[in-house]
Amino acid sequence: MQGRQKPLLDDEPSPAAQWDRDSASRALDDLFLRAKRFNGSKDYHELLKFITRFTFYSPFNAMLAHQQMPGATFVAPPYRWERDFRRYVNPGARPVVLLQPKGPVLFTFDVSDTAPYPDAGPLPRWVEHPFAVTGGRIGGRLARTIENAARDGVSVHERDAGSDSAGRIAKANPGRMVRFRVREKPEPVDIAVPLEYELLLNIKHSPETRYATLVHELAHLYCGHLGTTNKEWWPDRTGLPVIVREFEAESVSYLVCTRFGIDNPSAEYLAGYVNKNKETPAISLDCVMKSAGLIEQMGLGRMKPRKAKEPE
């Protein structure tokens with residue numbers, strides 16, 4: 001559930017429509033639209049299931065791997081195949097191109113395109129069977145995600161909201177601050193961040209259910225459904241139809257939770273949609289994958305403060 005949106009004048013284009021015209025921001029979405037990939041709900045569901053099993057790379061890179069080689073199981077660059085597994089890439093093998101942190105691209109090859117050197121040992125189980133689901137418990141991810149949400153001005157409250165309410169996010173009244181803890185030597189320090197959003201979780205639910213709800217509500221934020229405090233951080237896409245907003249948020253929740261091995265209601269939502277509809281709503285794959293990657297990282301460790309850039 002989201003907070004109330006500012007009403008638009010009849011002749012005023014919505015921020016979603018403005019963003020929709022920005023071809024640079026939508027390069028990935030244009031690629032799939034023109035190729036007519038994943039317009040069908042079953043194809044899209046298969047893509048999401050692949051990404052949930054391809055956990056050794058980010059959701060965005062897992063999607064790129066699926067686009068280039070749907071049957072891939074474990075990909076790595078040539079130097080890693082030699083260094084870690086004593087294997088070489090077969091001549092003529094087709095690379096799977098991924099985005100590299102702090103660099104342009106990374107050329108990787110699937111295990112099926114490699115062969116062992118004479119001194120190679122057996123492949124580890126997690127290479128031969130990387131799609132095995134592990135986990136099932138949220139551990140410290142819930143607390144870490146709540147802490148990291150503060151860097152974007154999100155204050156999370158865990159309260160008894162009754163049996164029928166899971167959670168919601170809404171714009172906060174201006175003028176207040178939220179504390180975000182920063183890793184500094186020798187001691188962590190708290191910095192004040194303007195409070196922009198308030199997010200409610202139902203304390204009566206299990207930690208795993210609260211985490212799934214938290215991911216869903218943060219997905220609304222980072223997919224741009226509530227607007228943005230800085231377009232450098234996430235887009236302003238207010239004005240989207242409800243079905244698009246919910247489908248994107250459910251997709252993000254499904255990806256993040258399933259990659260961590262956590263049961264979540266988004267799986268049932270998406271499966272039900274596939275059974276009833278032949279095509280997906282007009283969603284942004286770019287926003288879904290980037291939001292899933294960001295929220296996934298928020299649960300893994302303390303993040304750095306946002307760089308202070310003026311909004312456009």
# chains A, B, ... in the order shown; residues from 1 in each chain; ligands from 1
>>> select_by_dssp(residues="stretch 112-306 of chain A", states="strand (DSSP E)", output="ChimeraX atom specification")
/A:114-116,154-159,167-171,177-182,189-194,197-202
>>> closest_atom_pairs(of="stretch 125-234 of chain A", to="stretch 245-252 of chain A", cutoff="8 Å", atoms="only C-alpha atoms", output="tab-separated table")
residue	atom	partner	partner_atom	distance
A:Val215	CA	A:Val252	CA	7.4
A:His216	CA	A:Ala249	CA	5.2
A:Glu217	CA	A:Ala249	CA	7.2
A:Ala219	CA	A:Ala249	CA	5.1
A:His220	CA	A:Ala249	CA	5.7
A:Cys223	CA	A:Glu248	CA	7.6
A:His225	CA	A:Arg245	CA	6.7
>>> residues_around(residues="stretch 85-93 of chain A", least_positions_apart="4", cutoff="9 Å", atoms="only C-alpha atoms", output="PyMOL selection string")
chain A and resi 78-81+109-111+113-124
>>> write_last_selection(atoms="N, CA, C and O atoms", output="short mmCIF file (atom, residue, chain, number, x, y, z; two decimals), in the first residue's frame")
data_model
loop_
_atom_site.label_atom_id
_atom_site.label_comp_id
_atom_site.auth_asym_id
_atom_site.auth_seq_id
_atom_site.Cartn_x
_atom_site.Cartn_y
_atom_site.Cartn_z
N PRO A 78 37.51 -15.94 -17.70
CA PRO A 78 38.54 -16.95 -17.95
C PRO A 78 39.57 -17.08 -16.83
O PRO A 78 39.97 -18.19 -16.47
N TYR A 79 40.03 -15.93 -16.29
CA TYR A 79 41.06 -16.01 -15.26
C TYR A 79 40.57 -16.75 -14.03
O TYR A 79 41.34 -17.45 -13.36
N ARG A 80 39.26 -16.62 -13.71
CA ARG A 80 38.75 -17.32 -12.54
C ARG A 80 38.60 -18.82 -12.80
O ARG A 80 38.84 -19.64 -11.92
N TRP A 81 38.21 -19.17 -14.03
CA TRP A 81 38.14 -20.59 -14.35
C TRP A 81 39.51 -21.25 -14.17
O TRP A 81 39.62 -22.36 -13.65
N PHE A 109 32.13 -16.88 -19.12
CA PHE A 109 31.79 -18.07 -19.89
C PHE A 109 31.12 -19.09 -18.97
O PHE A 109 31.51 -19.23 -17.80
N ASP A 110 30.12 -19.75 -19.51
CA ASP A 110 29.40 -20.75 -18.74
C ASP A 110 30.26 -21.99 -18.55
O ASP A 110 31.14 -22.29 -19.36
N VAL A 111 29.98 -22.73 -17.47
CA VAL A 111 30.73 -23.95 -17.19
C VAL A 111 30.65 -24.93 -18.35
O VAL A 111 31.59 -25.70 -18.60
N ASP A 113 30.97 -24.32 -21.34
CA ASP A 113 31.93 -23.93 -22.37
C ASP A 113 33.37 -24.02 -21.88
O ASP A 113 34.27 -23.38 -22.44
N THR A 114 33.61 -24.77 -20.81
CA THR A 114 34.95 -24.95 -20.29
C THR A 114 35.31 -26.42 -20.23
O THR A 114 34.43 -27.29 -20.29
N ALA A 115 36.60 -26.69 -20.10
CA ALA A 115 37.09 -28.06 -19.98
C ALA A 115 38.22 -28.09 -18.94
O ALA A 115 38.92 -27.09 -18.75
N PRO A 116 38.44 -29.22 -18.26
CA PRO A 116 39.44 -29.28 -17.20
C PRO A 116 40.86 -29.50 -17.71
O PRO A 116 41.07 -30.18 -18.72
N TYR A 117 41.81 -28.89 -17.01
CA TYR A 117 43.21 -29.23 -17.22
C TYR A 117 43.46 -30.61 -16.60
O TYR A 117 42.65 -31.08 -15.77
N PRO A 118 44.56 -31.27 -16.97
CA PRO A 118 44.83 -32.61 -16.41
C PRO A 118 44.88 -32.66 -14.89
O PRO A 118 44.52 -33.67 -14.28
N ASP A 119 45.31 -31.54 -14.26
CA ASP A 119 45.43 -31.54 -12.80
C ASP A 119 44.20 -30.98 -12.10
O ASP A 119 44.23 -30.73 -10.89
N ALA A 120 43.10 -30.77 -12.84
CA ALA A 120 41.89 -30.19 -12.24
C ALA A 120 41.19 -31.20 -11.35
O ALA A 120 41.11 -32.39 -11.68
N GLY A 121 40.69 -30.72 -10.23
CA GLY A 121 39.89 -31.55 -9.35
C GLY A 121 38.42 -31.47 -9.74
O GLY A 121 38.05 -30.77 -10.70
N PRO A 122 37.55 -32.17 -9.02
CA PRO A 122 36.11 -32.10 -9.31
C PRO A 122 35.56 -30.71 -9.00
O PRO A 122 36.08 -30.00 -8.13
N LEU A 123 34.56 -30.31 -9.73
CA LEU A 123 33.93 -29.01 -9.49
C LEU A 123 33.18 -29.03 -8.16
O LEU A 123 32.56 -30.03 -7.80
N PRO A 124 33.22 -27.92 -7.42
CA PRO A 124 32.43 -27.84 -6.18
C PRO A 124 30.94 -28.00 -6.47
O PRO A 124 30.47 -27.70 -7.57
#
>>> select_by_dssp(residues="stretch 54-281 of chain A", states="alpha helix (DSSP H)", output="MDAnalysis selection string")
chainID A and resid 59:68 78:85 125:128 141:149 207:222 242:259 266:276
>>> closest_residue(among="A:Trp234, A:Tyr211, A:Tyr273, A:Tyr254", to="A:Arg144", atoms="only C-alpha atoms")
A:Tyr211
>>> residues_around(residues="A:Glu196", least_positions_apart="2", cutoff="8 Å", atoms="only C-alpha atoms", output="list of chain:residue names")
A:Asp152, A:Gly153, A:Val154, A:Lys171, A:Ala172, A:Asn173, A:Pro174, A:Pro194, A:Glu198, A:Thr229
>>> write_last_selection(atoms="all heavy atoms", output="mmCIF file, in the first residue's frame")
data_model
loop_
_atom_site.group_PDB
_atom_site.id
_atom_site.type_symbol
_atom_site.label_atom_id
_atom_site.label_comp_id
_atom_site.auth_asym_id
_atom_site.auth_seq_id
_atom_site.Cartn_x
_atom_site.Cartn_y
_atom_site.Cartn_z
ATOM 1 N N ASP A 152 18.234 7.132 3.035
ATOM 2 C CA ASP A 152 17.369 7.761 2.054
ATOM 3 C C ASP A 152 16.184 8.460 2.705
ATOM 4 O O ASP A 152 15.171 8.741 2.049
ATOM 5 C CB ASP A 152 16.876 6.723 1.051
ATOM 6 C CG ASP A 152 17.988 6.257 0.126
ATOM 7 O OD1 ASP A 152 18.839 7.088 -0.241
ATOM 8 O OD2 ASP A 152 18.025 5.061 -0.220
ATOM 9 N N GLY A 153 16.316 8.721 4.015
ATOM 10 C CA GLY A 153 15.271 9.455 4.707
ATOM 11 C C GLY A 153 14.043 8.637 5.024
ATOM 12 O O GLY A 153 12.955 9.189 5.200
ATOM 13 N N VAL A 154 14.217 7.295 5.133
ATOM 14 C CA VAL A 154 13.088 6.410 5.437
ATOM 15 C C VAL A 154 13.168 5.984 6.893
ATOM 16 O O VAL A 154 14.157 5.396 7.326
ATOM 17 C CB VAL A 154 13.095 5.149 4.538
ATOM 18 C CG1 VAL A 154 11.903 4.258 4.873
ATOM 19 C CG2 VAL A 154 13.091 5.543 3.069
ATOM 20 N N LYS A 171 4.673 9.396 2.256
ATOM 21 C CA LYS A 171 5.476 10.598 2.451
ATOM 22 C C LYS A 171 5.315 11.091 3.885
ATOM 23 O O LYS A 171 4.236 11.038 4.459
ATOM 24 C CB LYS A 171 5.031 11.687 1.479
ATOM 25 C CG LYS A 171 5.417 11.440 0.034
ATOM 26 C CD LYS A 171 6.885 11.724 -0.236
ATOM 27 C CE LYS A 171 7.199 13.207 -0.137
ATOM 28 N NZ LYS A 171 8.622 13.479 -0.472
ATOM 29 N N ALA A 172 6.417 11.571 4.457
ATOM 30 C CA ALA A 172 6.405 12.080 5.827
ATOM 31 C C ALA A 172 6.167 13.585 5.833
ATOM 32 O O ALA A 172 6.439 14.276 4.843
ATOM 33 C CB ALA A 172 7.722 11.755 6.513
ATOM 34 N N ASN A 173 5.657 14.080 6.937
ATOM 35 C CA ASN A 173 5.531 15.521 7.097
ATOM 36 C C ASN A 173 6.931 16.129 7.166
ATOM 37 O O ASN A 173 7.833 15.575 7.809
ATOM 38 C CB ASN A 173 4.755 15.858 8.369
ATOM 39 C CG ASN A 173 3.300 15.432 8.271
ATOM 40 O OD1 ASN A 173 2.701 15.490 7.195
ATOM 41 N ND2 ASN A 173 2.724 15.015 9.392
ATOM 42 N N PRO A 174 7.160 17.272 6.510
ATOM 43 C CA PRO A 174 8.506 17.857 6.475
ATOM 44 C C PRO A 174 8.944 18.412 7.817
ATOM 45 O O PRO A 174 8.130 18.637 8.715
ATOM 46 C CB PRO A 174 8.373 18.962 5.420
ATOM 47 C CG PRO A 174 6.924 19.341 5.460
ATOM 48 C CD PRO A 174 6.178 18.075 5.756
ATOM 49 N N PRO A 194 17.347 14.283 6.419
ATOM 50 C CA PRO A 194 15.955 14.755 6.414
ATOM 51 C C PRO A 194 14.978 13.592 6.247
ATOM 52 O O PRO A 194 15.148 12.746 5.367
ATOM 53 C CB PRO A 194 15.905 15.710 5.218
ATOM 54 C CG PRO A 194 17.310 16.170 5.045
ATOM 55 C CD PRO A 194 18.174 15.002 5.415
ATOM 56 N N GLU A 198 7.836 7.545 5.776
ATOM 57 C CA GLU A 198 7.615 6.708 6.951
ATOM 58 C C GLU A 198 7.039 5.371 6.496
ATOM 59 O O GLU A 198 6.106 5.339 5.692
ATOM 60 C CB GLU A 198 6.686 7.412 7.934
ATOM 61 C CG GLU A 198 7.343 8.635 8.569
ATOM 62 C CD GLU A 198 6.518 9.232 9.690
ATOM 63 O OE1 GLU A 198 5.454 9.808 9.374
ATOM 64 O OE2 GLU A 198 6.926 9.112 10.856
ATOM 65 N N THR A 229 13.623 12.037 -4.131
ATOM 66 C CA THR A 229 14.282 13.181 -3.509
ATOM 67 C C THR A 229 15.477 13.630 -4.329
ATOM 68 O O THR A 229 15.978 14.738 -4.150
ATOM 69 C CB THR A 229 14.748 12.832 -2.084
ATOM 70 O OG1 THR A 229 15.585 11.662 -2.139
ATOM 71 C CG2 THR A 229 13.562 12.548 -1.184
#
>>> residues_around(residues="A:Trp233", least_positions_apart="5", cutoff="9 Å", atoms="only C-alpha atoms", output="list in words")
Tyr222, Thr228 and Arg306 of chain A
>>> residues_around(residues="stretch 63-70 of chain A", least_positions_apart="6", cutoff="8 Å", atoms="only C-alpha atoms", output="PyMOL selection string")
chain A and resi 47+50-51+96-98+289
>>> closest_residue(among="A:Leu99, A:Leu240, A:Ala76, A:Leu214", to="A:Glu147", atoms="only C-alpha atoms")
A:Leu214
>>> closest_residue(among="A:Val242, A:Val156, A:Ala166, A:Ala212", to="A:Gly261", atoms="only C-alpha atoms")
A:Ala212
>>> closest_residue(among="A:Glu158, A:Glu268, A:Asp263, A:Asp286", to="A:Ala143", atoms="only C-alpha atoms")
A:Glu158
